[in-house]
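Peer 1: Handing you a structure now.
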Amino acid sequence: MEGKKVTNTIRLPENGLPRIVVIGGGFAGLSFVKKLKNKAFQVVVIDKNNFHQFQPLLYQVATSGIVPDSIAFPFRKQFKNYKNVFFRMAEVMKIDTENRQVLTDIGHVHYNYLVVATGSTTNFFGLEDVQKNSLGMKTIQEALDIRSLILQRFEKAVVTTDDETRDALTNFAVIGGGPAGVETVGAIAEFKKYILPKDYPDLDVSMMSIYLIESNDRLLKGMSEKSSEMSLRYLKEMGVKVHLDTRVTSYDGHKIQTFNGEGFTAKSVIWTAGVKGNIPEGINEECFAKGNRLLVNEYSEVKGCTNVYAIGDISAMISEEFPYGHPMVAQTAIQQGDLLAKNLLRQIGGESLKKFEYNDKGSLATVGKRKAVADIGRFKFGGYFAWILWSVVHLMSISGFKNKLFVGINWIWSYFTYDKGNRLIMRRYKGRNKKH
């Protein structure tokens with residue numbers, strides 16, 4: 001797309017209503033649009049995919065727990081009764097704030113208001129060899145790559161005669177001890193315990209090592225110490241080798257090197273150690289905050305821009321309570337999208353605007369079947385009840401009744417049978433920068 005000149009205008013109906021262009025259909029963008037259903041705005045949603053993806057369950061797609069269709073919901077189906085909402089599948093190339101237009105690979109569109117809800121992408125912190133040889137997990141496509149990679153490793157290990165090579169093929173490392181890392185490594189540990197002996201009886205499961213490498217002194221840094229301690233205990237009971245205070249410095253596709261001199265052999269590495277804002281080109285760098293996020297005020301307005309707003313992971317609303325911006329989680333995105341939509345309605349109605357105040361509804365993380373941790377207000381607990389709560393909250397948050405039903409049935413089946421979904425390699429993963 002680089003160097004491509006955009007001359008055509010994206011076809012949209014002209015109805016005289018002020019136009020809001022929303023870039024991104026994640027939690028923030030979707031929450032914003034839902035509140036403007038059939039209101040006095042023309043809302044144009046632009047996303048490079050034609051579906052909303054439920055990111056908290058990507059790790060289950062990656063470990064064959066559920067099928068990808070279960071956590072994806074088409075935008076056009078979502079908006080079918082929204083008479084004022086129009087979806088266009090396109091990739092944004094640049095934002096032209098001076099002329100109030102968004103340039104995409106299918107044309108450009110003018111806006112009266114612009115809402116940037118582009119979310120975040122994996123942050124490898126400049127470790128180029130790690131980025132080249134490991135996999136992030138921010139999209140369904142990446143989760144499917146991980147699923148294929150895991151299964152391909154075992155298929156290759158079955159036919160390998162060299163013990164050292166087989167050892168490397170069956171070793172897995174997850175880098176990053178936040179919720180995504182803890183949930184992913186827990187799912188891999190369950191895969192080892194319940195699936196490998198049935199699917200690969202001629203492999204010695206005991207030789208498989210699963211590493212969780214975290215640079216901080218505890219897991220789940222954003223949660224309570226009690227939850228951190230419980231998650232660490234659960235993972236160790238599941239056979240995961242947890243290494244805290246261990247910062248990765250390089251990975252060549254075979255050996256992980258760390259700052260303190262430790263080395264780990266693994267052919268498969270999943271990186272969940274950080275994210276950064278996914279800022280479209282065209283916005284002045286003076287608006288950038290730490291973590292490649294956009295500086296916004298308490299009304300989600302982007303610093304130095306007129307009628308340009310940012311919500312969700314991409315936004316950094318700096319305050320005394322949140323000196324680095326609000327946590328990059330779904331609840332922040334949903335609440336910011338909800339309030340911004342209401343404020344725009346208040347604005348055209350001549351009412352005063354409300355400042356954003358984050359309502360922390362608590363944090364949950366699952367470590368495996370019947371094991372989870374929860375911080376809900378002053379209550380910090382773990383175990384079976386926390387796992388039930390995690391399951392209910394996530395199930396109810398998935399878009400579409402059919403998706404909720406499919407995921408629920410999958411979970412019930414897995415609960416009683418200790419089985420996962422079909423372990424299919426639908427397309428082979430051959431590494432970055434190579435055709436699949």
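Lettering and numbering for the structure tokens are positional, with chains as A, B, ... in the shown order, residues counted from 1 in each chain, and ligands counted from 1 in the shown order.
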Select from range 105-327 of chain A everything DSSP, run on the backbone, classes as strand (DSSP E or B), then give the selection as a CSV table (one decimal) with all heavy atoms, in the first residue's frame.

Peer 2:
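Contents of the output file selection.csv:
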chain,number,residue,atom,x,y,z
A,107,GLY,N,-10.2,3.9,-0.8
A,107,GLY,CA,-10.7,5.3,-1.0
A,107,GLY,C,-10.6,6.1,0.3
A,107,GLY,O,-10.1,5.6,1.3
A,108,HIS,N,-11.1,7.3,0.2
A,108,HIS,CA,-11.1,8.2,1.4
A,108,HIS,C,-12.5,8.6,1.7
A,108,HIS,O,-13.4,8.5,0.9
A,108,HIS,CB,-10.2,9.4,1.1
A,108,HIS,CG,-10.8,10.4,0.1
A,108,HIS,ND1,-10.4,10.3,-1.3
A,108,HIS,CD2,-11.7,11.4,0.2
A,108,HIS,CE1,-11.0,11.2,-1.9
A,108,HIS,NE2,-11.8,11.9,-1.1
A,109,VAL,N,-12.6,9.0,3.0
A,109,VAL,CA,-14.0,9.3,3.5
A,109,VAL,C,-13.8,10.6,4.4
A,109,VAL,O,-12.9,10.6,5.2
A,109,VAL,CB,-14.6,8.2,4.3
A,109,VAL,CG1,-13.7,7.7,5.4
A,109,VAL,CG2,-16.0,8.5,4.9
A,110,HIS,N,-14.7,11.5,4.2
A,110,HIS,CA,-14.7,12.7,5.1
A,110,HIS,C,-15.4,12.5,6.4
A,110,HIS,O,-16.4,11.7,6.4
A,110,HIS,CB,-15.3,13.9,4.3
A,110,HIS,CG,-14.4,14.4,3.2
A,110,HIS,ND1,-13.4,15.3,3.3
A,110,HIS,CD2,-14.4,14.0,1.9
A,110,HIS,CE1,-12.9,15.6,2.2
A,110,HIS,NE2,-13.4,14.8,1.3
A,113,TYR,N,-16.7,14.0,12.8
A,113,TYR,CA,-16.1,13.5,14.0
A,113,TYR,C,-15.3,12.2,13.7
A,113,TYR,O,-15.8,11.4,12.9
A,113,TYR,CB,-17.1,13.2,15.1
A,113,TYR,CG,-18.0,14.3,15.4
A,113,TYR,CD1,-19.3,14.5,14.8
A,113,TYR,CD2,-17.7,15.3,16.4
A,113,TYR,CE1,-20.1,15.5,15.1
A,113,TYR,CE2,-18.6,16.3,16.8
A,113,TYR,CZ,-19.8,16.4,16.1
A,113,TYR,OH,-20.6,17.5,16.4
A,114,LEU,N,-14.2,12.1,14.3
A,114,LEU,CA,-13.4,10.9,14.1
A,114,LEU,C,-13.1,10.2,15.4
A,114,LEU,O,-12.7,10.9,16.4
A,114,LEU,CB,-12.0,11.2,13.4
A,114,LEU,CG,-11.0,10.1,13.2
A,114,LEU,CD1,-11.6,9.0,12.2
A,114,LEU,CD2,-9.7,10.6,12.7
A,115,VAL,N,-13.4,8.9,15.5
A,115,VAL,CA,-13.1,8.1,16.7
A,115,VAL,C,-12.1,7.1,16.3
A,115,VAL,O,-12.3,6.2,15.5
A,115,VAL,CB,-14.4,7.5,17.2
A,115,VAL,CG1,-14.1,6.6,18.4
A,115,VAL,CG2,-15.4,8.5,17.5
A,116,VAL,N,-10.9,7.2,16.9
A,116,VAL,CA,-9.8,6.2,16.7
A,116,VAL,C,-9.9,5.1,17.8
A,116,VAL,O,-9.8,5.4,19.0
A,116,VAL,CB,-8.4,6.9,16.8
A,116,VAL,CG1,-7.3,5.9,16.5
A,116,VAL,CG2,-8.4,8.0,15.8
A,120,SER,N,-4.6,-2.2,20.2
A,120,SER,CA,-3.1,-2.4,20.4
A,120,SER,C,-2.6,-3.5,19.6
A,120,SER,O,-3.3,-4.4,19.1
A,120,SER,CB,-2.8,-2.6,21.9
A,120,SER,OG,-3.6,-3.8,22.4
A,121,THR,N,-1.3,-3.6,19.5
A,121,THR,CA,-0.6,-4.7,18.9
A,121,THR,C,0.5,-5.2,19.8
A,121,THR,O,0.9,-4.5,20.7
A,121,THR,CB,0.0,-4.2,17.5
A,121,THR,OG1,0.5,-5.3,16.8
A,121,THR,CG2,1.0,-3.1,17.7
A,122,THR,N,1.1,-6.3,19.4
A,122,THR,CA,2.2,-6.9,20.2
A,122,THR,C,3.4,-6.0,20.3
A,122,THR,O,3.9,-5.5,19.3
A,122,THR,CB,2.6,-8.3,19.7
A,122,THR,OG1,1.4,-9.1,19.6
A,122,THR,CG2,3.6,-8.9,20.6
A,135,LEU,N,5.8,-16.0,18.2
A,135,LEU,CA,4.4,-15.6,17.8
A,135,LEU,C,3.7,-14.8,18.9
A,135,LEU,O,3.8,-15.1,20.0
A,135,LEU,CB,3.6,-16.8,17.5
A,135,LEU,CG,3.8,-17.5,16.1
A,135,LEU,CD1,3.2,-18.9,16.0
A,135,LEU,CD2,3.2,-16.6,15.0
A,172,PHE,N,7.8,-25.9,25.1
A,172,PHE,CA,7.1,-24.7,24.8
A,172,PHE,C,7.4,-23.6,25.8
A,172,PHE,O,7.5,-23.9,27.0
A,172,PHE,CB,5.6,-24.9,24.7
A,172,PHE,CG,5.2,-25.8,23.6
A,172,PHE,CD1,5.3,-27.1,23.6
A,172,PHE,CD2,4.8,-25.2,22.4
A,172,PHE,CE1,4.9,-27.9,22.5
A,172,PHE,CE2,4.4,-25.9,21.3
A,172,PHE,CZ,4.5,-27.3,21.4
A,173,ALA,N,7.5,-22.4,25.4
A,173,ALA,CA,7.8,-21.3,26.3
A,173,ALA,C,6.8,-20.2,26.0
A,173,ALA,O,6.5,-19.8,24.9
A,173,ALA,CB,9.2,-20.7,26.2
A,174,VAL,N,6.2,-19.6,27.1
A,174,VAL,CA,5.4,-18.5,27.0
A,174,VAL,C,6.1,-17.3,27.7
A,174,VAL,O,6.5,-17.5,28.9
A,174,VAL,CB,4.0,-18.7,27.6
A,174,VAL,CG1,3.1,-17.4,27.6
A,174,VAL,CG2,3.3,-19.8,26.9
A,175,ILE,N,6.3,-16.2,27.1
A,175,ILE,CA,7.0,-15.1,27.7
A,175,ILE,C,6.0,-14.0,28.0
A,175,ILE,O,5.3,-13.5,27.2
A,175,ILE,CB,8.1,-14.6,26.7
A,175,ILE,CG1,9.1,-15.7,26.4
A,175,ILE,CG2,8.8,-13.4,27.3
A,175,ILE,CD1,10.1,-15.3,25.3
A,210,ILE,N,7.4,-27.1,29.8
A,210,ILE,CA,6.6,-25.9,29.6
A,210,ILE,C,7.1,-24.8,30.5
A,210,ILE,O,7.1,-24.9,31.7
A,210,ILE,CB,5.1,-26.1,29.8
A,210,ILE,CG1,4.6,-27.3,29.0
A,210,ILE,CG2,4.3,-24.9,29.5
A,210,ILE,CD1,3.2,-27.8,29.4
A,211,TYR,N,7.6,-23.7,29.9
A,211,TYR,CA,8.2,-22.6,30.6
A,211,TYR,C,7.3,-21.4,30.6
A,211,TYR,O,6.7,-21.0,29.5
A,211,TYR,CB,9.5,-22.2,30.0
A,211,TYR,CG,10.5,-23.3,29.9
A,211,TYR,CD1,10.8,-23.9,28.7
A,211,TYR,CD2,11.2,-23.7,31.1
A,211,TYR,CE1,11.8,-24.9,28.6
A,211,TYR,CE2,12.2,-24.7,31.0
A,211,TYR,CZ,12.4,-25.3,29.8
A,211,TYR,OH,13.4,-26.3,29.7
A,212,LEU,N,7.2,-20.7,31.7
A,212,LEU,CA,6.6,-19.3,31.7
A,212,LEU,C,7.6,-18.4,32.2
A,212,LEU,O,8.1,-18.5,33.4
A,212,LEU,CB,5.3,-19.3,32.6
A,212,LEU,CG,4.6,-17.9,32.8
A,212,LEU,CD1,4.2,-17.4,31.4
A,212,LEU,CD2,3.5,-18.0,33.7
A,213,ILE,N,8.0,-17.4,31.4
A,213,ILE,CA,9.1,-16.5,31.8
A,213,ILE,C,8.5,-15.1,31.9
A,213,ILE,O,7.9,-14.5,31.0
A,213,ILE,CB,10.2,-16.5,30.6
A,213,ILE,CG1,10.7,-18.0,30.4
A,213,ILE,CG2,11.3,-15.6,31.0
A,213,ILE,CD1,11.5,-18.1,29.2
A,241,LYS,N,7.1,-24.8,34.5
A,241,LYS,CA,8.3,-24.2,35.1
A,241,LYS,C,8.3,-22.7,35.0
A,241,LYS,O,8.5,-22.1,33.9
A,241,LYS,CB,9.5,-24.8,34.4
A,241,LYS,CG,9.6,-26.3,34.5
A,241,LYS,CD,10.8,-26.9,33.7
A,241,LYS,CE,10.8,-28.4,33.8
A,241,LYS,NZ,11.9,-29.0,33.0
A,242,VAL,N,8.0,-22.0,36.1
A,242,VAL,CA,7.8,-20.6,36.2
A,242,VAL,C,9.2,-19.9,36.6
A,242,VAL,O,9.8,-20.3,37.6
A,242,VAL,CB,6.7,-20.2,37.1
A,242,VAL,CG1,6.5,-18.7,37.1
A,242,VAL,CG2,5.4,-20.9,36.8
A,243,HIS,N,9.6,-19.0,35.8
A,243,HIS,CA,10.8,-18.2,36.0
A,243,HIS,C,10.5,-16.7,36.2
A,243,HIS,O,10.2,-16.1,35.2
A,243,HIS,CB,11.8,-18.5,34.9
A,243,HIS,CG,12.3,-19.9,34.8
A,243,HIS,ND1,13.5,-20.3,35.4
A,243,HIS,CD2,11.7,-20.9,34.2
A,243,HIS,CE1,13.6,-21.6,35.1
A,243,HIS,NE2,12.5,-22.0,34.4
A,248,VAL,N,13.9,-11.7,29.0
A,248,VAL,CA,14.4,-12.3,27.8
A,248,VAL,C,15.2,-11.3,27.0
A,248,VAL,O,14.7,-10.1,26.8
A,248,VAL,CB,13.3,-12.9,26.9
A,248,VAL,CG1,13.8,-13.3,25.5
A,248,VAL,CG2,12.6,-14.1,27.6
A,249,THR,N,16.4,-11.7,26.5
A,249,THR,CA,17.2,-10.7,25.7
A,249,THR,C,17.3,-11.1,24.2
A,249,THR,O,17.5,-10.3,23.3
A,249,THR,CB,18.6,-10.6,26.2
A,249,THR,OG1,19.2,-11.9,26.3
A,249,THR,CG2,18.6,-10.0,27.6
A,250,SER,N,17.1,-12.4,23.9
A,250,SER,CA,17.2,-12.9,22.5
A,250,SER,C,16.6,-14.3,22.4
A,250,SER,O,16.4,-15.0,23.3
A,250,SER,CB,18.6,-12.9,22.0
A,250,SER,OG,19.4,-13.9,22.7
A,251,TYR,N,16.2,-14.6,21.1
A,251,TYR,CA,15.7,-15.9,20.8
A,251,TYR,C,15.9,-16.2,19.3
A,251,TYR,O,15.5,-15.4,18.5
A,251,TYR,CB,14.2,-16.0,21.1
A,251,TYR,CG,13.6,-17.3,20.7
A,251,TYR,CD1,14.1,-18.5,21.2
A,251,TYR,CD2,12.5,-17.4,19.8
A,251,TYR,CE1,13.5,-19.7,20.8
A,251,TYR,CE2,11.9,-18.5,19.4
A,251,TYR,CZ,12.4,-19.7,19.9
A,251,TYR,OH,11.9,-20.9,19.5
A,255,LYS,N,17.0,-21.4,21.0
A,255,LYS,CA,17.5,-21.1,22.3
A,255,LYS,C,17.0,-19.7,22.8
A,255,LYS,O,17.2,-18.7,22.1
A,255,LYS,CB,19.0,-21.2,22.4
A,255,LYS,CG,19.6,-21.2,23.8
A,255,LYS,CD,19.6,-22.6,24.4
A,255,LYS,CE,20.3,-22.6,25.8
A,255,LYS,NZ,21.7,-22.7,25.7
A,256,ILE,N,16.4,-19.7,24.0
A,256,ILE,CA,16.1,-18.4,24.6
A,256,ILE,C,17.2,-18.0,25.5
A,256,ILE,O,17.6,-18.7,26.4
A,256,ILE,CB,14.8,-18.6,25.4
A,256,ILE,CG1,13.6,-19.0,24.6
A,256,ILE,CG2,14.4,-17.2,26.1
A,256,ILE,CD1,12.4,-19.5,25.3
A,257,GLN,N,17.7,-16.8,25.3
A,257,GLN,CA,18.7,-16.2,26.2
A,257,GLN,C,18.1,-15.1,27.1
A,257,GLN,O,17.2,-14.4,26.7
A,257,GLN,CB,19.8,-15.6,25.4
A,257,GLN,CG,20.6,-16.6,24.5
A,257,GLN,CD,21.4,-17.6,25.3
A,257,GLN,OE1,21.6,-17.4,26.5
A,257,GLN,NE2,21.9,-18.6,24.6
A,258,THR,N,18.5,-15.1,28.3
A,258,THR,CA,18.0,-14.1,29.3
A,258,THR,C,19.1,-13.2,29.9
A,258,THR,O,20.3,-13.5,29.8
A,258,THR,CB,17.3,-14.8,30.4
A,258,THR,OG1,18.2,-15.6,31.2
A,258,THR,CG2,16.2,-15.8,29.9
A,263,GLY,N,19.4,-20.0,30.1
A,263,GLY,CA,19.0,-20.4,28.7
A,263,GLY,C,18.0,-21.4,28.7
A,263,GLY,O,18.0,-22.3,29.6
A,264,PHE,N,17.0,-21.4,27.8
A,264,PHE,CA,16.0,-22.4,27.6
A,264,PHE,C,15.9,-22.8,26.2
A,264,PHE,O,15.9,-22.0,25.3
A,264,PHE,CB,14.6,-21.8,28.1
A,264,PHE,CG,14.6,-21.1,29.4
A,264,PHE,CD1,14.9,-19.8,29.6
A,264,PHE,CD2,14.4,-21.9,30.6
A,264,PHE,CE1,14.9,-19.2,30.8
A,264,PHE,CE2,14.4,-21.3,31.8
A,264,PHE,CZ,14.7,-19.9,32.0
A,265,THR,N,15.8,-24.1,26.0
A,265,THR,CA,15.7,-24.7,24.7
A,265,THR,C,14.2,-24.9,24.4
A,265,THR,O,13.5,-25.7,25.1
A,265,THR,CB,16.4,-26.0,24.6
A,265,THR,OG1,17.8,-25.8,24.9
A,265,THR,CG2,16.3,-26.6,23.2
A,268,SER,N,9.2,-23.6,20.1
A,268,SER,CA,8.0,-22.8,20.0
A,268,SER,C,7.9,-21.8,21.2
A,268,SER,O,7.9,-22.2,22.3
A,268,SER,CB,6.8,-23.8,20.1
A,268,SER,OG,6.9,-24.8,19.1
A,269,VAL,N,7.8,-20.5,20.8
A,269,VAL,CA,7.7,-19.5,21.8
A,269,VAL,C,6.6,-18.6,21.5
A,269,VAL,O,6.4,-18.1,20.4
A,269,VAL,CB,9.0,-18.6,21.8
A,269,VAL,CG1,8.9,-17.4,22.7
A,269,VAL,CG2,10.2,-19.5,22.4
A,270,ILE,N,5.7,-18.3,22.5
A,270,ILE,CA,4.6,-17.4,22.4
A,270,ILE,C,4.9,-16.2,23.2
A,270,ILE,O,5.2,-16.3,24.4
A,270,ILE,CB,3.3,-18.1,22.8
A,270,ILE,CG1,3.0,-19.4,22.0
A,270,ILE,CG2,2.1,-17.2,22.7
A,270,ILE,CD1,1.9,-20.3,22.5
A,271,TRP,N,4.8,-15.0,22.6
A,271,TRP,CA,5.1,-13.8,23.3
A,271,TRP,C,3.9,-13.1,23.7
A,271,TRP,O,3.0,-12.6,22.9
A,271,TRP,CB,6.0,-12.9,22.4
A,271,TRP,CG,6.4,-11.6,22.9
A,271,TRP,CD1,5.6,-10.4,23.0
A,271,TRP,CD2,7.6,-11.3,23.6
A,271,TRP,NE1,6.3,-9.4,23.6
A,271,TRP,CE2,7.6,-9.9,24.0
A,271,TRP,CE3,8.8,-12.0,23.9
A,271,TRP,CZ2,8.6,-9.3,24.6
A,271,TRP,CZ3,9.8,-11.4,24.5
A,271,TRP,CH2,9.7,-10.0,24.9
A,275,VAL,N,2.1,-5.0,25.1
A,275,VAL,CA,1.4,-4.4,23.9
A,275,VAL,C,1.7,-2.9,23.8
A,275,VAL,O,2.2,-2.3,24.7
A,275,VAL,CB,-0.1,-4.6,24.1
A,275,VAL,CG1,-0.5,-6.1,24.1
A,275,VAL,CG2,-0.6,-4.0,25.4
A,276,LYS,N,1.4,-2.4,22.6
A,276,LYS,CA,1.6,-1.0,22.4
A,276,LYS,C,0.4,-0.5,21.5
A,276,LYS,O,-0.2,-1.3,20.8
A,276,LYS,CB,2.9,-0.7,21.7
A,276,LYS,CG,3.1,-1.4,20.4
A,276,LYS,CD,4.5,-1.1,19.8
A,276,LYS,CE,4.7,-1.8,18.4
A,276,LYS,NZ,6.0,-1.5,17.8
A,277,GLY,N,0.1,0.7,21.5
A,277,GLY,CA,-0.9,1.3,20.8
A,277,GLY,C,-0.7,1.2,19.3
A,277,GLY,O,0.4,1.2,18.8
A,288,PHE,N,1.6,11.7,21.1
A,288,PHE,CA,1.9,10.3,21.5
A,288,PHE,C,2.3,10.3,23.0
A,288,PHE,O,3.0,11.2,23.5
A,288,PHE,CB,3.1,9.8,20.7
A,288,PHE,CG,2.7,9.5,19.3
A,288,PHE,CD1,1.6,10.0,18.7
A,288,PHE,CD2,3.6,8.8,18.5
A,288,PHE,CE1,1.3,9.8,17.4
A,288,PHE,CE2,3.3,8.5,17.2
A,288,PHE,CZ,2.2,9.0,16.6
A,289,ALA,N,1.8,9.3,23.7
A,289,ALA,CA,2.2,9.0,25.1
A,289,ALA,C,3.0,7.7,25.1
A,289,ALA,O,3.2,7.0,24.1
A,289,ALA,CB,1.0,8.9,26.0
A,293,ARG,N,0.7,5.3,22.6
A,293,ARG,CA,-0.8,5.6,22.8
A,293,ARG,C,-1.0,7.1,22.5
A,293,ARG,O,-0.1,7.9,22.5
A,293,ARG,CB,-1.2,5.2,24.2
A,293,ARG,CG,-1.0,3.8,24.5
A,293,ARG,CD,-1.2,3.5,26.0
A,293,ARG,NE,-2.6,3.4,26.4
A,293,ARG,CZ,-3.0,3.2,27.6
A,293,ARG,NH1,-2.1,3.1,28.6
A,293,ARG,NH2,-4.3,3.1,27.9
A,294,LEU,N,-2.3,7.5,22.3
A,294,LEU,CA,-2.6,8.9,22.0
A,294,LEU,C,-3.1,9.6,23.3
A,294,LEU,O,-3.9,9.1,24.0
A,294,LEU,CB,-3.7,8.9,21.0
A,294,LEU,CG,-3.4,8.4,19.6
A,294,LEU,CD1,-4.6,8.4,18.7
A,294,LEU,CD2,-2.3,9.4,19.0
A,295,LEU,N,-2.5,10.7,23.5
A,295,LEU,CA,-2.9,11.5,24.7
A,295,LEU,C,-4.3,12.1,24.5
A,295,LEU,O,-4.6,12.7,23.5
A,295,LEU,CB,-1.9,12.7,24.9
A,295,LEU,CG,-0.5,12.3,25.5
A,295,LEU,CD1,0.4,13.5,25.4
A,295,LEU,CD2,-0.7,12.0,27.0
A,296,VAL,N,-5.1,11.9,25.5
A,296,VAL,CA,-6.5,12.4,25.4
A,296,VAL,C,-6.8,13.1,26.7
A,296,VAL,O,-6.2,12.8,27.8
A,296,VAL,CB,-7.5,11.3,25.1
A,296,VAL,CG1,-7.3,10.6,23.8
A,296,VAL,CG2,-7.6,10.2,26.2
A,301,GLU,N,-10.9,13.4,24.0
A,301,GLU,CA,-10.4,14.2,22.8
A,301,GLU,C,-8.9,14.1,22.7
A,301,GLU,O,-8.2,14.3,23.7
A,301,GLU,CB,-10.8,15.7,23.0
A,301,GLU,CG,-12.3,15.9,23.0
A,301,GLU,CD,-12.6,17.4,23.4
A,301,GLU,OE1,-12.1,17.9,24.4
A,301,GLU,OE2,-13.5,18.0,22.7
A,302,VAL,N,-8.4,13.9,21.5
A,302,VAL,CA,-7.0,13.8,21.2
A,302,VAL,C,-6.3,15.1,21.3
A,302,VAL,O,-6.8,16.1,20.8
A,302,VAL,CB,-6.7,13.1,19.9
A,302,VAL,CG1,-5.2,13.1,19.6
A,302,VAL,CG2,-7.2,11.7,19.8
A,308,VAL,N,-11.5,15.0,17.0
A,308,VAL,CA,-10.8,13.7,16.9
A,308,VAL,C,-10.7,13.1,18.3
A,308,VAL,O,-10.2,13.7,19.3
A,308,VAL,CB,-9.4,13.8,16.3
A,308,VAL,CG1,-8.8,12.4,16.2
A,308,VAL,CG2,-9.5,14.4,14.9
A,309,TYR,N,-11.2,11.9,18.5
A,309,TYR,CA,-11.3,11.2,19.8
A,309,TYR,C,-10.5,9.9,19.7
A,309,TYR,O,-10.4,9.2,18.6
A,309,TYR,CB,-12.7,11.0,20.2
A,309,TYR,CG,-13.6,12.2,20.2
A,309,TYR,CD1,-14.2,12.7,19.1
A,309,TYR,CD2,-13.7,12.9,21.4
A,309,TYR,CE1,-14.9,13.9,19.1
A,309,TYR,CE2,-14.5,14.1,21.5
A,309,TYR,CZ,-15.1,14.6,20.3
A,309,TYR,OH,-15.8,15.7,20.3
A,310,ALA,N,-10.1,9.4,20.8
A,310,ALA,CA,-9.4,8.1,20.9
A,310,ALA,C,-10.0,7.4,22.1
A,310,ALA,O,-10.0,7.9,23.2
A,310,ALA,CB,-7.9,8.2,21.0
A,315,SER,N,-5.8,4.9,23.6
A,315,SER,CA,-5.9,6.2,24.3
A,315,SER,C,-5.1,6.1,25.7
A,315,SER,O,-5.1,5.1,26.4
A,315,SER,CB,-7.3,6.6,24.6
A,315,SER,OG,-7.9,5.7,25.5
A,316,ALA,N,-4.5,7.3,26.0
A,316,ALA,CA,-3.8,7.4,27.3
A,316,ALA,C,-4.4,8.7,28.0
A,316,ALA,O,-4.1,9.8,27.6
A,316,ALA,CB,-2.3,7.6,27.1

Peer 1: Excluding same-chain residues fewer than 6 positions from range 221-228 of chain A, what lies within 12 Å of it counting only C-alpha atoms, as a count of residues only?

Peer 2: 37

Peer 1: Determine the nearest neighbour of Leu149 in chain A from the options A:Ile412, A:Leu353, A:Ala62, A:Val33, counting only C-alpha atoms.

Peer 2: A:Ala62

Peer 1: Tell me, in Å to one decimal, how far CA of Leu395 in chain A is from CA of Ala187 in chain A.

Peer 2: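 Separation of CA of Leu395 in chain A and CA of Ala187 in chain A: 17.5 Å.
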
Peer 1: In terms of the shortest atom-to-atom distance over only C-alpha atoms, which of A:Ile95, A:Pro56, A:Gln335, A:Gly119 is closest to Lys361 in chain A?

Peer 2: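 Using only C-alpha atoms, Lys361 in chain A sits closest to A:Gln335.
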
Peer 1: Contacts of Lys35 in chain A at 8 Å or less, counting only C-alpha atoms, minus same-chain residues fewer than 4 places along, as a VMD selection string?

Peer 2: chain A and resid 31 338 341 to 342

Peer 1: Dump N, CA, C and O atoms for the selected residues as a PDB file, in the first residue's frame?

Peer 2:
ATOM      1  N   SER A  31     -18.678  -0.764  21.436  1.00  0.00           N
ATOM      2  CA  SER A  31     -19.438  -0.159  22.521  1.00  0.00           C
ATOM      3  C   SER A  31     -19.940   1.226  22.126  1.00  0.00           C
ATOM      4  O   SER A  31     -21.092   1.592  22.396  1.00  0.00           O
ATOM      5  N   ASP A 338     -18.776   3.828  25.546  1.00  0.00           N
ATOM      6  CA  ASP A 338     -20.122   4.123  26.007  1.00  0.00           C
ATOM      7  C   ASP A 338     -20.282   5.611  26.346  1.00  0.00           C
ATOM      8  O   ASP A 338     -21.221   6.271  25.908  1.00  0.00           O
ATOM      9  N   ALA A 341     -20.006   8.142  23.245  1.00  0.00           N
ATOM     10  CA  ALA A 341     -21.242   8.186  22.463  1.00  0.00           C
ATOM     11  C   ALA A 341     -22.291   9.050  23.167  1.00  0.00           C
ATOM     12  O   ALA A 341     -22.957   9.889  22.538  1.00  0.00           O
ATOM     13  N   LYS A 342     -22.438   8.863  24.452  1.00  0.00           N
ATOM     14  CA  LYS A 342     -23.417   9.657  25.220  1.00  0.00           C
ATOM     15  C   LYS A 342     -23.041  11.138  25.214  1.00  0.00           C
ATOM     16  O   LYS A 342     -23.912  12.003  25.127  1.00  0.00           O
TER      17      LYS A 342
END

Peer 1: Could you check how far CA of Ile66 in chain A sits from CA of Trp411 in chain A, in Å to one decimal?

Peer 2: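 Calculated distance between CA of Ile66 in chain A and CA of Trp411 in chain A is 8.4 Å.
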
Peer 1: Kindly indicate which residue among A:Asn260, A:Ser206, A:Gln347, A:Asn422 lies nearest to Thr63 in chain A, using only C-alpha atoms for the distances.

Peer 2: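 Of A:Asn260, A:Ser206, A:Gln347, A:Asn422, the one nearest Thr63 in chain A is A:Asn422, counting only C-alpha atoms.
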
Peer 1: Would you list the contacts of Asn50 in chain A as a PyMOL selection string, taking every protein, DNA or RNA residue within 6 Å and counting only C-alpha atoms, but skipping same-chain residues closer than 3 positions in sequence?

Peer 2: chain A and resi 74-75+89

Peer 1: Write the residues you've just listed into a file as a short mmCIF file (atom, residue, chain, number, x, y, z; two decimals), in the first residue's frame, and include all heavy atoms for each of them.

Peer 2:
data_model
loop_
_atom_site.label_atom_id
_atom_site.label_comp_id
_atom_site.auth_asym_id
_atom_site.auth_seq_id
_atom_site.Cartn_x
_atom_site.Cartn_y
_atom_site.Cartn_z
N PRO A 74 -19.70 -11.32 12.71
CA PRO A 74 -19.64 -10.40 11.56
C PRO A 74 -20.22 -9.03 11.89
O PRO A 74 -21.28 -8.93 12.50
CB PRO A 74 -20.50 -11.10 10.50
CG PRO A 74 -20.62 -12.52 10.95
CD PRO A 74 -20.54 -12.50 12.43
N PHE A 75 -19.51 -7.99 11.47
CA PHE A 75 -20.00 -6.63 11.71
C PHE A 75 -21.35 -6.40 11.02
O PHE A 75 -22.25 -5.78 11.59
CB PHE A 75 -18.99 -5.60 11.19
CG PHE A 75 -17.76 -5.49 12.03
CD1 PHE A 75 -16.50 -5.66 11.47
CD2 PHE A 75 -17.84 -5.21 13.38
CE1 PHE A 75 -15.37 -5.54 12.24
CE2 PHE A 75 -16.71 -5.10 14.16
CZ PHE A 75 -15.46 -5.27 13.59
N MET A 89 -15.08 -2.56 4.91
CA MET A 89 -13.87 -3.31 5.19
C MET A 89 -12.71 -2.66 4.43
O MET A 89 -12.68 -2.66 3.20
CB MET A 89 -14.02 -4.78 4.78
CG MET A 89 -12.85 -5.64 5.26
SD MET A 89 -13.09 -7.41 4.99
CE MET A 89 -12.76 -7.52 3.23
#
